[in-house]
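**Q** Supplied structure: run-v2.txt, compact mmCIF, C-alpha atoms.
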# COMPACT_ATOMS: atom_id res chain seq x y z
CA MET A 1 19.70 49.23 62.12
CA ALA A 2 21.25 52.54 61.04
CA LEU A 3 20.86 55.47 63.43
CA LYS A 4 18.67 58.37 62.30
CA LYS A 5 20.46 61.40 60.87
CA LYS A 6 17.54 63.84 60.87
CA PRO A 7 16.61 65.69 64.09
CA VAL A 8 13.36 64.90 65.90
CA THR A 9 10.26 66.40 64.22
CA GLY A 10 9.86 70.05 65.12
CA MET A 11 13.54 70.43 66.09
CA LYS A 12 16.34 71.54 63.83
CA ASP A 13 20.12 71.57 63.49
CA MET A 14 21.78 75.00 63.27
CA LEU A 15 24.34 75.46 60.49
CA PRO A 16 27.20 77.96 60.96
CA GLU A 17 25.56 80.63 58.76
CA GLU A 18 22.47 80.67 60.98
CA MET A 19 24.46 80.45 64.20
CA GLU A 20 26.43 83.53 63.22
CA ILE A 21 23.17 85.48 62.84
CA ARG A 22 21.78 84.03 66.08
CA ASP A 23 24.92 84.86 68.07
CA TYR A 24 24.90 88.39 66.67
CA CYS A 25 21.23 88.86 67.56
CA VAL A 26 21.73 87.58 71.11
CA GLY A 27 24.65 89.97 71.57
CA LEU A 28 22.70 92.94 70.20
CA ILE A 29 19.64 92.03 72.30
CA LYS A 30 21.68 92.00 75.50
CA GLU A 31 23.50 95.21 74.60
CA THR A 32 20.30 97.07 73.69
CA TYR A 33 18.15 95.88 76.57
CA LYS A 34 20.89 96.46 79.14
CA SER A 35 21.13 100.05 77.89
CA PHE A 36 17.52 100.39 79.09
CA GLY A 37 18.46 98.99 82.53
CA PHE A 38 17.37 95.35 82.13
CA CYS A 39 19.33 92.66 84.03
CA SER A 40 20.09 89.19 82.70
CA MET A 41 18.67 86.25 84.65
CA GLU A 42 17.98 82.58 83.99
CA THR A 43 15.56 79.86 85.05
CA PRO A 44 15.75 76.05 84.60
CA CYS A 45 14.21 74.52 81.48
CA VAL A 46 12.26 72.07 83.68
CA GLU A 47 9.38 73.35 85.80
CA HIS A 48 7.05 71.76 88.34
CA ILE A 49 4.11 70.28 86.47
CA GLU A 50 1.68 72.01 88.87
CA ASN A 51 3.05 75.42 87.84
CA LEU A 52 2.84 74.62 84.14
CA CYS A 53 -0.73 73.32 84.46
CA SER A 54 -2.06 76.20 86.54
CA ARG A 55 -4.59 77.30 83.88
CA GLN A 56 -2.63 80.44 83.08
CA GLY A 57 -0.99 79.41 79.81
CA GLY A 58 -4.08 79.01 77.62
CA ASP A 59 -3.78 76.43 74.86
CA ASN A 60 -0.04 76.08 75.53
CA GLU A 61 -0.89 73.89 78.51
CA LYS A 62 -2.09 71.27 76.01
CA LEU A 63 1.35 71.28 74.39
CA ILE A 64 3.59 70.51 77.37
CA PHE A 65 6.39 67.96 77.03
CA LYS A 66 5.85 66.14 80.33
CA ILE A 67 8.60 64.35 82.24
CA LEU A 68 8.15 61.01 84.00
CA LYS A 69 9.14 60.60 87.61
CA ARG A 70 12.53 58.95 88.04
CA GLY A 71 13.90 55.99 89.92
CA GLU A 72 11.88 54.65 92.85
CA LYS A 73 9.29 57.43 92.47
CA LEU A 74 8.16 55.99 89.13
CA LYS A 75 5.73 53.19 89.96
CA LEU A 76 4.15 52.19 86.68
CA ASP A 77 2.30 49.21 88.11
CA GLN A 78 0.54 51.37 90.73
CA ALA A 79 -0.29 54.38 88.55
CA LYS A 80 -3.99 55.19 88.13
CA GLU A 81 -3.76 58.59 86.46
CA GLU A 82 -1.20 60.84 84.78
CA ALA A 83 -0.40 62.69 88.03
CA ASP A 84 0.97 59.43 89.45
CA LEU A 85 3.57 59.32 86.66
CA VAL A 86 4.53 62.93 85.98
CA ASP A 87 6.11 65.56 88.25
CA GLY A 88 7.77 67.97 85.82
CA GLY A 89 7.68 69.37 82.31
CA LEU A 90 9.70 71.40 79.85
CA ARG A 91 8.71 75.08 80.09
CA TYR A 92 6.41 76.31 77.29
CA ASP A 93 7.26 79.97 77.86
CA LEU A 94 9.47 82.12 80.09
CA THR A 95 6.74 84.02 81.96
CA VAL A 96 5.55 81.28 84.32
CA PRO A 97 9.16 80.40 85.33
CA LEU A 98 9.93 84.12 85.82
CA SER A 99 6.95 84.48 88.17
CA ARG A 100 8.16 81.53 90.26
CA TYR A 101 11.72 82.93 90.22
CA TYR A 102 10.58 86.35 91.39
CA SER A 103 8.37 84.94 94.13
CA ALA A 104 11.33 82.94 95.47
CA ASN A 105 13.95 85.71 95.18
CA ALA A 106 12.07 89.02 95.52
CA ASN A 107 13.93 90.03 98.70
CA GLU A 108 17.25 89.86 96.84
CA LEU A 109 16.09 91.69 93.72
CA PRO A 110 15.78 95.43 93.02
CA SER A 111 12.34 97.02 92.87
CA PRO A 112 11.13 97.41 90.23
CA PHE A 113 12.95 94.43 88.75
CA LYS A 114 13.72 94.78 85.04
CA ALA A 115 14.40 91.23 83.87
CA LEU A 116 16.01 90.04 80.63
CA GLN A 117 15.69 86.32 79.93
CA ILE A 118 16.81 84.42 76.81
CA GLY A 119 16.31 80.68 76.60
CA ASN A 120 14.78 77.71 74.81
CA VAL A 121 11.18 76.66 75.39
CA TRP A 122 9.30 73.59 74.17
CA ARG A 123 5.78 73.07 72.82
CA ALA A 124 4.39 69.90 71.23
CA ASP A 125 2.95 72.04 68.43
CA ARG A 126 2.42 71.35 64.74
CA PRO A 127 5.63 72.53 63.02
CA GLN A 128 5.28 75.09 60.21
CA ARG A 129 7.10 78.10 58.77
CA GLY A 130 8.63 80.02 61.66
CA ARG A 131 7.18 77.59 64.25
CA PHE A 132 9.16 74.79 65.91
CA ARG A 133 8.77 72.48 68.90
CA GLN A 134 11.98 73.77 70.42
CA PHE A 135 12.63 77.46 69.98
CA MET A 136 14.39 80.39 71.58
CA GLN A 137 12.39 83.03 73.40
CA CYS A 138 13.66 86.44 74.39
CA ASP A 139 11.68 88.26 77.08
CA ILE A 140 11.96 91.53 78.93
CA ASP A 141 9.71 92.05 81.94
CA ILE A 142 9.25 94.78 84.52
CA LEU A 143 8.01 93.48 87.88
CA GLY A 144 6.84 95.74 90.69
CA GLU A 145 5.90 98.77 88.54
CA SER A 146 2.17 99.50 88.39
CA SER A 147 2.33 102.65 86.25
CA ILE A 148 2.23 102.79 82.44
CA LEU A 149 5.92 103.74 82.46
CA ALA A 150 6.54 99.98 82.34
CA GLU A 151 4.57 99.52 79.10
CA ILE A 152 6.21 102.58 77.52
CA GLU A 153 9.74 101.37 78.35
CA LEU A 154 9.08 97.82 77.11
CA ILE A 155 7.73 99.05 73.77
CA LEU A 156 10.57 101.56 73.30
CA ALA A 157 13.28 99.00 74.18
CA THR A 158 11.84 96.32 71.88
CA THR A 159 11.30 98.64 68.92
CA THR A 160 14.77 100.14 69.34
CA LEU A 161 16.21 96.63 69.05
CA LEU A 162 14.21 95.88 65.89
CA GLY A 163 15.40 99.16 64.38
CA LYS A 164 19.02 98.16 65.03
CA LEU A 165 18.31 94.92 63.15
CA ASP A 166 17.22 97.00 60.14
CA PHE A 167 13.46 96.36 60.42
CA HIS A 168 11.26 99.22 59.24
CA ASP A 169 7.56 99.98 58.75
CA PHE A 170 6.38 97.38 61.25
CA THR A 171 3.38 97.96 63.51
CA ILE A 172 2.89 97.70 67.25
CA ARG A 173 -0.77 96.73 67.71
CA ILE A 174 -2.01 97.66 71.16
CA ASN A 175 -5.18 97.03 73.15
CA ASP A 176 -6.28 96.48 76.75
CA ARG A 177 -8.11 93.44 78.12
CA ARG A 178 -10.32 95.88 80.03
CA PHE A 179 -11.50 97.31 76.69
CA LEU A 180 -12.35 93.80 75.50
CA LYS A 181 -14.48 93.15 78.57
CA ALA A 182 -16.14 96.60 78.46
CA MET A 183 -17.10 96.18 74.79
CA ALA A 184 -18.61 92.77 75.51
CA ALA A 185 -20.56 94.14 78.49
CA TYR A 186 -21.78 97.16 76.50
CA SER A 187 -23.08 94.78 73.82
CA GLY A 188 -25.12 92.80 76.34
CA PHE A 189 -23.11 89.58 76.52
CA ASP A 190 -22.97 87.61 79.77
CA GLU A 191 -19.66 87.78 81.62
CA ALA A 192 -19.49 83.98 81.69
CA ASP A 193 -19.27 84.02 77.88
CA TYR A 194 -16.50 86.61 77.53
CA GLU A 195 -13.61 84.21 76.99
CA LYS A 196 -15.52 82.22 74.35
CA ILE A 197 -16.39 85.46 72.55
CA PHE A 198 -12.76 86.60 72.67
CA ILE A 199 -11.61 83.28 71.18
CA THR A 200 -13.90 83.98 68.22
CA LEU A 201 -12.82 87.63 67.98
CA ASP A 202 -9.17 86.54 67.87
CA LYS A 203 -9.89 85.03 64.43
CA MET A 204 -10.68 88.44 62.90
CA ASP A 205 -7.56 88.52 60.71
CA LYS A 206 -8.38 85.02 59.37
CA ILE A 207 -12.16 85.01 58.82
CA GLY A 208 -13.05 88.72 58.78
CA ILE A 209 -15.98 90.48 60.39
CA ASP A 210 -18.57 88.44 58.46
CA GLY A 211 -16.96 85.23 59.69
CA ILE A 212 -17.01 86.55 63.27
CA ARG A 213 -20.70 87.41 62.93
CA ALA A 214 -21.55 83.97 61.57
CA GLU A 215 -19.63 82.15 64.33
CA LEU A 216 -21.14 84.24 67.14
CA GLU A 217 -24.66 83.71 65.81
CA GLU A 218 -23.96 80.00 65.33
CA ASN A 219 -22.92 79.85 69.00
CA GLY A 220 -26.36 81.11 69.99
CA TYR A 221 -25.70 84.74 70.94
CA ALA A 222 -28.48 87.28 70.44
CA GLU A 223 -28.43 88.95 67.02
CA GLU A 224 -28.85 92.39 68.60
CA SER A 225 -25.81 91.88 70.84
CA VAL A 226 -23.72 90.59 67.94
CA GLU A 227 -24.62 93.59 65.74
CA THR A 228 -23.92 96.10 68.53
CA TYR A 229 -20.60 94.41 69.21
CA LEU A 230 -19.38 94.26 65.62
CA ARG A 231 -20.57 97.78 64.79
CA MET A 232 -18.09 99.17 67.31
CA PHE A 233 -15.15 97.51 65.54
CA GLN A 234 -16.26 99.09 62.26
CA GLU A 235 -16.57 102.56 63.79
CA ILE A 236 -13.41 102.72 65.89
CA THR A 237 -10.29 104.25 64.28
CA ASN A 238 -6.81 102.91 65.03
CA ASP A 239 -5.31 106.12 66.40
CA VAL A 240 -5.34 107.99 69.71
CA GLU A 241 -8.63 109.61 68.72
CA GLY A 242 -10.09 106.12 68.35
CA VAL A 243 -9.05 105.28 71.92
CA ARG A 244 -10.61 108.52 73.18
CA ARG A 245 -13.92 107.96 71.41
CA CYS A 246 -14.03 104.34 72.48
CA GLY A 247 -13.50 105.44 76.07
CA GLU A 248 -16.39 107.91 75.80
CA LYS A 249 -18.69 105.30 74.29
CA LEU A 250 -17.87 102.74 76.98
CA GLU A 251 -18.25 105.13 79.91
CA GLY A 252 -19.74 103.22 82.81
CA TYR A 253 -18.38 99.92 81.49
CA LEU A 254 -14.68 100.75 81.24
CA PRO A 255 -12.68 101.26 84.47
CA GLU A 256 -11.88 104.91 85.11
CA GLY A 257 -8.53 105.95 83.65
CA ALA A 258 -8.17 102.94 81.31
CA ALA A 259 -8.70 104.98 78.12
CA ALA A 260 -6.45 107.80 79.31
CA SER A 261 -3.68 105.31 80.15
CA LEU A 262 -3.79 103.69 76.72
CA GLU A 263 -3.86 107.10 75.04
CA THR A 264 -0.80 108.21 77.04
CA ILE A 265 1.13 105.03 76.17
CA MET A 266 0.49 105.53 72.45
CA SER A 267 1.31 109.24 72.36
CA SER A 268 4.43 108.81 74.55
CA VAL A 269 5.83 106.00 72.38
CA GLU A 270 5.14 108.02 69.24
CA ARG A 271 7.08 110.99 70.63
CA ALA A 272 10.03 109.07 72.09
CA LYS A 273 10.55 106.27 69.53
CA GLU A 274 13.90 105.69 67.84
CA ALA A 275 12.86 103.13 65.19
CA ASP A 276 10.67 103.48 62.10
CA PHE A 277 7.30 101.97 63.02
CA LYS A 278 3.73 102.91 63.83
CA ILE A 279 1.67 102.18 66.93
CA SER A 280 -1.94 101.28 66.24
CA PHE A 281 -4.95 100.80 68.53
CA ASP A 282 -6.48 97.43 67.64
CA PRO A 283 -9.64 96.63 69.66
CA THR A 284 -9.72 93.13 68.08
CA LEU A 285 -6.35 92.18 69.62
CA VAL A 286 -6.94 89.46 72.21
CA ARG A 287 -3.68 87.57 72.98
CA GLY A 288 -4.39 83.99 73.96
CA MET A 289 -2.84 83.85 77.42
CA SER A 290 -5.50 84.03 80.10
CA TYR A 291 -3.03 85.58 82.56
CA TYR A 292 -3.16 89.03 80.88
CA THR A 293 -5.04 91.59 82.96
CA GLY A 294 -4.51 94.96 81.22
CA THR A 295 -2.51 96.33 78.32
CA ILE A 296 -1.63 93.84 75.56
CA PHE A 297 0.46 94.36 72.42
CA GLU A 298 1.86 92.56 69.38
CA ILE A 299 4.43 93.24 66.66
CA SER A 300 3.10 92.80 63.11
CA MET A 301 5.36 92.65 60.06
CA ASP A 302 4.05 92.51 56.51
CA GLU A 303 7.08 90.51 55.31
CA PHE A 304 6.20 87.71 57.74
CA GLY A 305 2.43 87.96 57.44
CA GLY A 306 1.75 87.71 61.15
CA SER A 307 2.98 88.42 64.64
CA VAL A 308 6.69 88.34 65.47
CA GLY A 309 6.33 89.18 69.14
CA GLY A 310 3.94 90.30 71.82
CA GLY A 311 3.20 90.71 75.47
CA GLY A 312 1.16 92.52 78.05
CA ARG A 313 0.36 93.14 81.70
CA TYR A 314 -0.17 90.17 84.02
CA ASP A 315 -0.70 91.66 87.47
CA GLU A 316 -2.23 88.56 89.06
CA MET A 317 0.20 85.77 88.19
CA ILE A 318 2.91 86.35 90.82
CA GLY A 319 0.23 86.61 93.50
CA ARG A 320 -0.68 82.99 92.81
CA PHE A 321 2.77 82.04 94.11
CA THR A 322 3.05 84.55 96.98
CA GLY A 323 -0.51 85.46 97.89
CA GLN A 324 0.47 89.10 97.43
CA ALA A 325 -0.48 91.13 94.35
CA THR A 326 2.56 92.21 92.30
CA PRO A 327 2.26 94.35 89.15
CA ALA A 328 4.05 92.82 86.16
CA VAL A 329 4.28 93.44 82.43
CA GLY A 330 6.41 91.77 79.76
CA PHE A 331 7.30 91.82 76.06
CA SER A 332 8.66 88.85 74.08
CA ILE A 333 10.12 89.01 70.58
CA GLY A 334 9.74 86.04 68.25
CA PHE A 335 13.44 85.28 68.14
CA GLU A 336 13.16 82.38 65.68
CA ARG A 337 10.98 84.37 63.29
CA ILE A 338 13.30 87.37 63.45
CA VAL A 339 16.29 85.14 62.63
CA MET A 340 14.34 83.48 59.80
CA LEU A 341 13.50 86.87 58.24
CA LEU A 342 17.12 88.01 58.51
CA LEU A 343 18.32 84.82 56.80
CA GLU A 344 15.72 85.16 54.03
CA ARG A 345 16.81 88.70 53.27
CA GLN A 346 20.50 87.61 53.40
CA TYR A 347 21.21 90.07 56.20
CA GLN A 348 24.86 91.07 56.48
CA ILE A 349 26.17 91.37 60.01
CA PRO A 350 27.92 94.71 60.59
CA THR A 351 31.51 93.88 61.45
CA GLY A 352 33.99 96.23 63.02
CA GLY A 353 36.94 93.96 62.36
CA LYS A 354 38.26 92.56 59.09
CA LYS A 355 38.10 88.82 58.29
CA LYS A 356 41.29 87.33 56.86
CA ALA A 357 42.25 83.75 55.93
CA TYR A 358 45.66 82.12 55.48
CA LEU A 359 45.82 79.04 53.22
CA LEU A 360 48.89 76.95 53.98
CA GLU A 361 50.69 74.88 51.36
CA LYS A 362 50.87 71.16 52.10
CA ASN A 363 54.04 70.20 54.05
CA LEU A 364 54.80 73.82 54.94
CA SER A 365 57.99 74.12 56.97
CA GLN A 366 57.71 74.59 60.73
CA GLU A 367 59.53 77.92 60.51
CA LYS A 368 57.06 79.29 57.97
CA LEU A 369 54.11 77.93 59.99
CA LEU A 370 55.35 79.69 63.12
CA ASP A 371 55.67 82.94 61.16
CA VAL A 372 52.02 82.67 60.08
CA LEU A 373 50.84 81.84 63.62
CA GLU A 374 52.76 84.83 65.02
CA GLN A 375 51.32 87.12 62.35
CA SER A 376 47.80 85.81 63.02
CA LYS A 377 48.22 86.41 66.74
CA ALA A 378 49.24 90.02 66.14
CA GLU A 379 46.34 90.63 63.75
CA ARG A 380 43.78 89.14 66.16
CA GLY A 381 45.11 91.57 68.74
CA THR A 382 43.94 94.44 66.52
CA GLY A 383 40.38 93.07 66.39
CA MET A 384 40.65 91.09 63.15
CA GLN A 385 39.11 87.63 62.72
CA VAL A 386 41.83 85.37 61.34
CA MET A 387 41.43 81.83 59.99
CA VAL A 388 44.46 79.58 59.45
CA MET A 389 43.83 76.42 57.42
CA ASN A 390 45.54 73.98 55.09
CA MET A 391 45.18 74.52 51.37
CA LYS A 392 42.89 72.01 49.63
CA LYS A 393 43.25 70.51 46.16
CA ASN A 394 40.20 72.39 44.93
CA LYS A 395 41.58 75.76 45.97
CA LYS A 396 39.06 77.71 43.90
CA PHE A 397 36.08 76.14 45.69
CA GLN A 398 37.79 76.63 49.05
CA LYS A 399 38.19 80.35 48.36
CA GLU A 400 34.59 80.66 47.22
CA GLN A 401 33.44 79.15 50.53
CA LEU A 402 35.58 81.59 52.51
CA ILE A 403 34.24 84.54 50.54
CA ARG A 404 30.67 83.40 51.29
CA GLN A 405 31.64 83.33 54.97
CA GLY A 406 32.68 86.98 54.72
CA TYR A 407 36.47 86.72 54.47
CA GLN A 408 37.66 89.84 52.63
CA GLU A 409 41.34 88.86 52.35
CA ILE A 410 42.70 85.39 51.49
CA VAL A 411 46.50 84.91 51.59
CA GLU A 412 48.22 81.80 50.20
CA ILE A 413 51.40 80.78 52.05
CA TYR A 414 54.20 78.81 50.40
CA ASP A 415 57.75 77.96 51.44
Show me the file's structure as structure tokens.
**A**
Amino acid sequence: MALKKKPVTGMKDMLPEEMEIRDYCVGLIKETYKSFGFCSMETPCVEHIENLCSRQGGDNEKLIFKILKRGEKLKLDQAKEEADLVDGGLRYDLTVPLSRYYSANANELPSPFKALQIGNVWRADRPQRGRFRQFMQCDIDILGESSILAEIELILATTTLLGKLDFHDFTIRINDRRFLKAMAAYSGFDEADYEKIFITLDKMDKIGIDGIRAELEENGYAEESVETYLRMFQEITNDVEGVRRCGEKLEGYLPEGAAASLETIMSSVERAKEADFKISFDPTLVRGMSYYTGTIFEISMDEFGGSVGGGGRYDEMIGRFTGQATPAVGFSIGFERIVMLLLERQYQIPTGGKKKAYLLEKNLSQEKLLDVLEQSKAERGTGMQVMVMNMKKNKKFQKEQLIRQGYQEIVEIYD
């Protein structure tokens, strides 16, 4: 039987054109984030199954690629439940591994620790445009900083990067999980129902406010509570003034200082930003991960029609490893979606050096070949990218391919 040529469903092969964009993006990401003081680090792709199934990853915990025990530990004939067979899994994000990493290495790390992590993650998800089962994530996190300086720096670093990649007019949507809870409490919902209500609210961009109303009423919530709840979303504006008024309305329900903190984050980012974007208060923003405890944010781009990144504060996760509370906040860009958008717009990588190709005649003499190799060596020393290859019969097509690859100069070499 012939072997299969196509990759496994949800995975993909990377052709040179895409890899060139990906390599450029990774380089620019590291350069930009390091200029903000972030340090590169790395964690294994395999995590303990207990860590991955700790009820912190939301629906992603249903999508784990689990790994069977190996060798003598795998006892199929004695297994009674999944836990008897599985002891590890492929990571579904970079945040849970980072928390384990920090808890194990905190004494050797600076405080606060500004982490930069780029790596593949795996989710047994339904593949679609911009969504794969294996994909690259790119995270920056600040651990050990409880003030809003962490949120401000993360947003500024991420938006600066997007600006360097020639993205404009995107939106940073920002909210706070404490606002979500305060609005639910103000409306008269029971605390035990908050997460179910937030799951419904998270569908706002898909089903609209009428759809939210219908689903909440269908789930048995009091009509008066539903109307009070939804009226707030219709009244609140998306600017700093909206945050201020929301804070006044929720006085007694919202923790002291929460509104002022969010207002300061928004106004500070607006004043200090380098890229062309807007920051917008969005009280309907939920973010699915249950580990978020405070500020949450997402990047929205009209050309994609959805989110291309997000993050937030997760002050309680590291404490589950250490027993000691550690403030933490992170921001992840949708690396695969960013690359997809760049490819669709036929993005041209800025190059400092010239690209030149030598096409060698068949049976070229050794002396002439050595001359070309010496010349190529000298040119590479000046920063040029030089390709040396044999001339093909279809020389016209060969040149067209080189031009598409960005070679500005093509030199034919004959004896």
**Q** Return the single residue from A:Lys355, A:Lys206, A:Lys196, A:Arg380 that is closest to A:Gly220, with distances computed using all atoms listed in the file.
**A**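 The closest residue to A:Gly220 is A:Lys196.
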**Q** Hey, what's within 8 Å of stretch 333-344 of chain A if we count only C-alpha atoms and toss same-chain stuff fewer than 3 positions away? As a PyMOL selection string, please?
**A** chain A and resi 18+21-22+25+130-131+135-139+158+303-304+308-310+347
**Q** Create the file for the chosen residues now, containing C-alpha atoms and written as a PDB file, keeping the file's coordinate frame.
**A**
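Okay, again05.pdb is ready:
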ATOM      1  CA  GLU A  18      22.470  80.670  60.980  1.00  0.00           C
ATOM      2  CA  ILE A  21      23.170  85.480  62.840  1.00  0.00           C
ATOM      3  CA  ARG A  22      21.780  84.030  66.080  1.00  0.00           C
ATOM      4  CA  CYS A  25      21.230  88.860  67.560  1.00  0.00           C
ATOM      5  CA  GLY A 130       8.630  80.020  61.660  1.00  0.00           C
ATOM      6  CA  ARG A 131       7.180  77.590  64.250  1.00  0.00           C
ATOM      7  CA  PHE A 135      12.630  77.460  69.980  1.00  0.00           C
ATOM      8  CA  MET A 136      14.390  80.390  71.580  1.00  0.00           C
ATOM      9  CA  GLN A 137      12.390  83.030  73.400  1.00  0.00           C
ATOM     10  CA  CYS A 138      13.660  86.440  74.390  1.00  0.00           C
ATOM     11  CA  ASP A 139      11.680  88.260  77.080  1.00  0.00           C
ATOM     12  CA  THR A 158      11.840  96.320  71.880  1.00  0.00           C
ATOM     13  CA  GLU A 303       7.080  90.510  55.310  1.00  0.00           C
ATOM     14  CA  PHE A 304       6.200  87.710  57.740  1.00  0.00           C
ATOM     15  CA  VAL A 308       6.690  88.340  65.470  1.00  0.00           C
ATOM     16  CA  GLY A 309       6.330  89.180  69.140  1.00  0.00           C
ATOM     17  CA  GLY A 310       3.940  90.300  71.820  1.00  0.00           C
ATOM     18  CA  TYR A 347      21.210  90.070  56.200  1.00  0.00           C
TER      19      TYR A 347
END
**Q** Given the choices A:Asp315, A:Glu374, A:Asp166, A:Asp93, which gets closest to A:Ser147 if the distance is worked out from all atoms listed in the file?
**A**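 For A:Ser147, the nearest of the given residues is A:Asp315.
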**Q** Between A:Lys4, A:Arg177, A:Lys80, A:Arg91, which residue has the minimum interatomic distance to A:Cys45, considering all atoms listed in the file?
**A**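 Of A:Lys4, A:Arg177, A:Lys80, A:Arg91, the one nearest A:Cys45, counting all atoms listed in the file, is A:Arg91.
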**Q** Which residue gives the smallest distance to A:Leu250 among A:Val386, A:Leu180, A:Ile174, A:Val46, with all atoms listed in the file counted?
**A**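 Looking at the shortest contact to A:Leu250, the residue is A:Leu180.
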**Q** Out of A:Glu263, A:Asp169, A:Asp282, A:Glu145, which residue has the shortest atom-to-atom distance to A:Leu201 when counting only C-alpha atoms?
**A**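 Nearest candidate to A:Leu201 out of A:Glu263, A:Asp169, A:Asp282, A:Glu145: A:Asp282.
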**Q** At what distance in Å, to one decimal, does atom CA of A:Gln117 lie from atom CA of A:Ala328?
**A**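 About the pair atom CA of A:Ala328 and atom CA of A:Gln117: they are 14.7 Å apart.
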**Q** Can you tell me which residues surround stretch 222-226 of chain A at a distance of at most 12 Å, considering all atoms listed in the file, apart from same-chain residues fewer than 3 positions away, and format the answer as a list in words?
**A**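 The contact residues come out as Met183, Ala184, Ala185, Tyr186, Ser187, Gly188, Phe189, Asp190, Ile197, Thr200, Leu201, Ile209, Asp210, Gly211, Ile212, Arg213, Ala214, Glu215, Leu216, Glu217, Glu218, Asn219, Tyr229, Leu230, Arg231, Met232 and Phe233 of chain A.
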**Q** Write to file, as a PDB file, in the frame of the given file, the residues of the selection just made, with C-alpha atoms.
**A**
ATOM      1  CA  MET A 183     -17.100  96.180  74.790  1.00  0.00           C
ATOM      2  CA  ALA A 184     -18.610  92.770  75.510  1.00  0.00           C
ATOM      3  CA  ALA A 185     -20.560  94.140  78.490  1.00  0.00           C
ATOM      4  CA  TYR A 186     -21.780  97.160  76.500  1.00  0.00           C
ATOM      5  CA  SER A 187     -23.080  94.780  73.820  1.00  0.00           C
ATOM      6  CA  GLY A 188     -25.120  92.800  76.340  1.00  0.00           C
ATOM      7  CA  PHE A 189     -23.110  89.580  76.520  1.00  0.00           C
ATOM      8  CA  ASP A 190     -22.970  87.610  79.770  1.00  0.00           C
ATOM      9  CA  ILE A 197     -16.390  85.460  72.550  1.00  0.00           C
ATOM     10  CA  THR A 200     -13.900  83.980  68.220  1.00  0.00           C
ATOM     11  CA  LEU A 201     -12.820  87.630  67.980  1.00  0.00           C
ATOM     12  CA  ILE A 209     -15.980  90.480  60.390  1.00  0.00           C
ATOM     13  CA  ASP A 210     -18.570  88.440  58.460  1.00  0.00           C
ATOM     14  CA  GLY A 211     -16.960  85.230  59.690  1.00  0.00           C
ATOM     15  CA  ILE A 212     -17.010  86.550  63.270  1.00  0.00           C
ATOM     16  CA  ARG A 213     -20.700  87.410  62.930  1.00  0.00           C
ATOM     17  CA  ALA A 214     -21.550  83.970  61.570  1.00  0.00           C
ATOM     18  CA  GLU A 215     -19.630  82.150  64.330  1.00  0.00           C
ATOM     19  CA  LEU A 216     -21.140  84.240  67.140  1.00  0.00           C
ATOM     20  CA  GLU A 217     -24.660  83.710  65.810  1.00  0.00           C
ATOM     21  CA  GLU A 218     -23.960  80.000  65.330  1.00  0.00           C
ATOM     22  CA  ASN A 219     -22.920  79.850  69.000  1.00  0.00           C
ATOM     23  CA  TYR A 229     -20.600  94.410  69.210  1.00  0.00           C
ATOM     24  CA  LEU A 230     -19.380  94.260  65.620  1.00  0.00           C
ATOM     25  CA  ARG A 231     -20.570  97.780  64.790  1.00  0.00           C
ATOM     26  CA  MET A 232     -18.090  99.170  67.310  1.00  0.00           C
ATOM     27  CA  PHE A 233     -15.150  97.510  65.540  1.00  0.00           C
TER      28      PHE A 233
END
**Q** Would you list the contacts of A:Asn390 as a PyMOL selection string, taking every protein, DNA or RNA residue within 12 Å and counting all atoms listed in the file, but skipping same-chain residues closer than 6 positions in sequence?
**A** chain A and resi 357-364+369+372+398-399+411-414
**Q** Can you spit out the residues from that selection as a PDB file, in the coordinates of the input, using C-alpha atoms?
**A**
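Result written to again32.pdb:
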ATOM      1  CA  ALA A 357      42.250  83.750  55.930  1.00  0.00           C
ATOM      2  CA  TYR A 358      45.660  82.120  55.480  1.00  0.00           C
ATOM      3  CA  LEU A 359      45.820  79.040  53.220  1.00  0.00           C
ATOM      4  CA  LEU A 360      48.890  76.950  53.980  1.00  0.00           C
ATOM      5  CA  GLU A 361      50.690  74.880  51.360  1.00  0.00           C
ATOM      6  CA  LYS A 362      50.870  71.160  52.100  1.00  0.00           C
ATOM      7  CA  ASN A 363      54.040  70.200  54.050  1.00  0.00           C
ATOM      8  CA  LEU A 364      54.800  73.820  54.940  1.00  0.00           C
ATOM      9  CA  LEU A 369      54.110  77.930  59.990  1.00  0.00           C
ATOM     10  CA  VAL A 372      52.020  82.670  60.080  1.00  0.00           C
ATOM     11  CA  GLN A 398      37.790  76.630  49.050  1.00  0.00           C
ATOM     12  CA  LYS A 399      38.190  80.350  48.360  1.00  0.00           C
ATOM     13  CA  VAL A 411      46.500  84.910  51.590  1.00  0.00           C
ATOM     14  CA  GLU A 412      48.220  81.800  50.200  1.00  0.00           C
ATOM     15  CA  ILE A 413      51.400  80.780  52.050  1.00  0.00           C
ATOM     16  CA  TYR A 414      54.200  78.810  50.400  1.00  0.00           C
TER      17      TYR A 414
END
**Q** Would you compute the distance between atom CA of A:Lys69 and atom CA of A:Leu85? Give it in Å to one decimal.
**A**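 Between atom CA of A:Lys69 and atom CA of A:Leu85 the gap works out to 5.8 Å.
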**Q** Residues within 10 Å of stretch 8-11 of chain A, please, as a list in words. Count all atoms listed in the file; anything in the same chain fewer than 5 positions from it doesn't count.
**A** Trp122, Arg123, Ala124, Asp125, Arg126, Pro127, Gln128, Arg131, Phe132, Arg133, Gln134 and Phe135 of chain A
**Q** Nearest to A:Lys368: which of A:Pro327, A:Ile318, A:Glu17, A:Asp415 is it, counting all atoms listed in the file?
**A** A:Asp415
**Q** What is the atom CA of A:Tyr253 to atom CA of A:Ala150 distance in Å?
**A** 24.9 Å
**Q** When you look at A:Tyr101 with a cut-off of 10 Å (counting only C-alpha atoms), what residues show up, excluding the ones that are within fewer than 3 positions of it in the same chain? I need them as a ChimeraX atom specification.
**A** /A:41-44,95-98,104-106,318,321
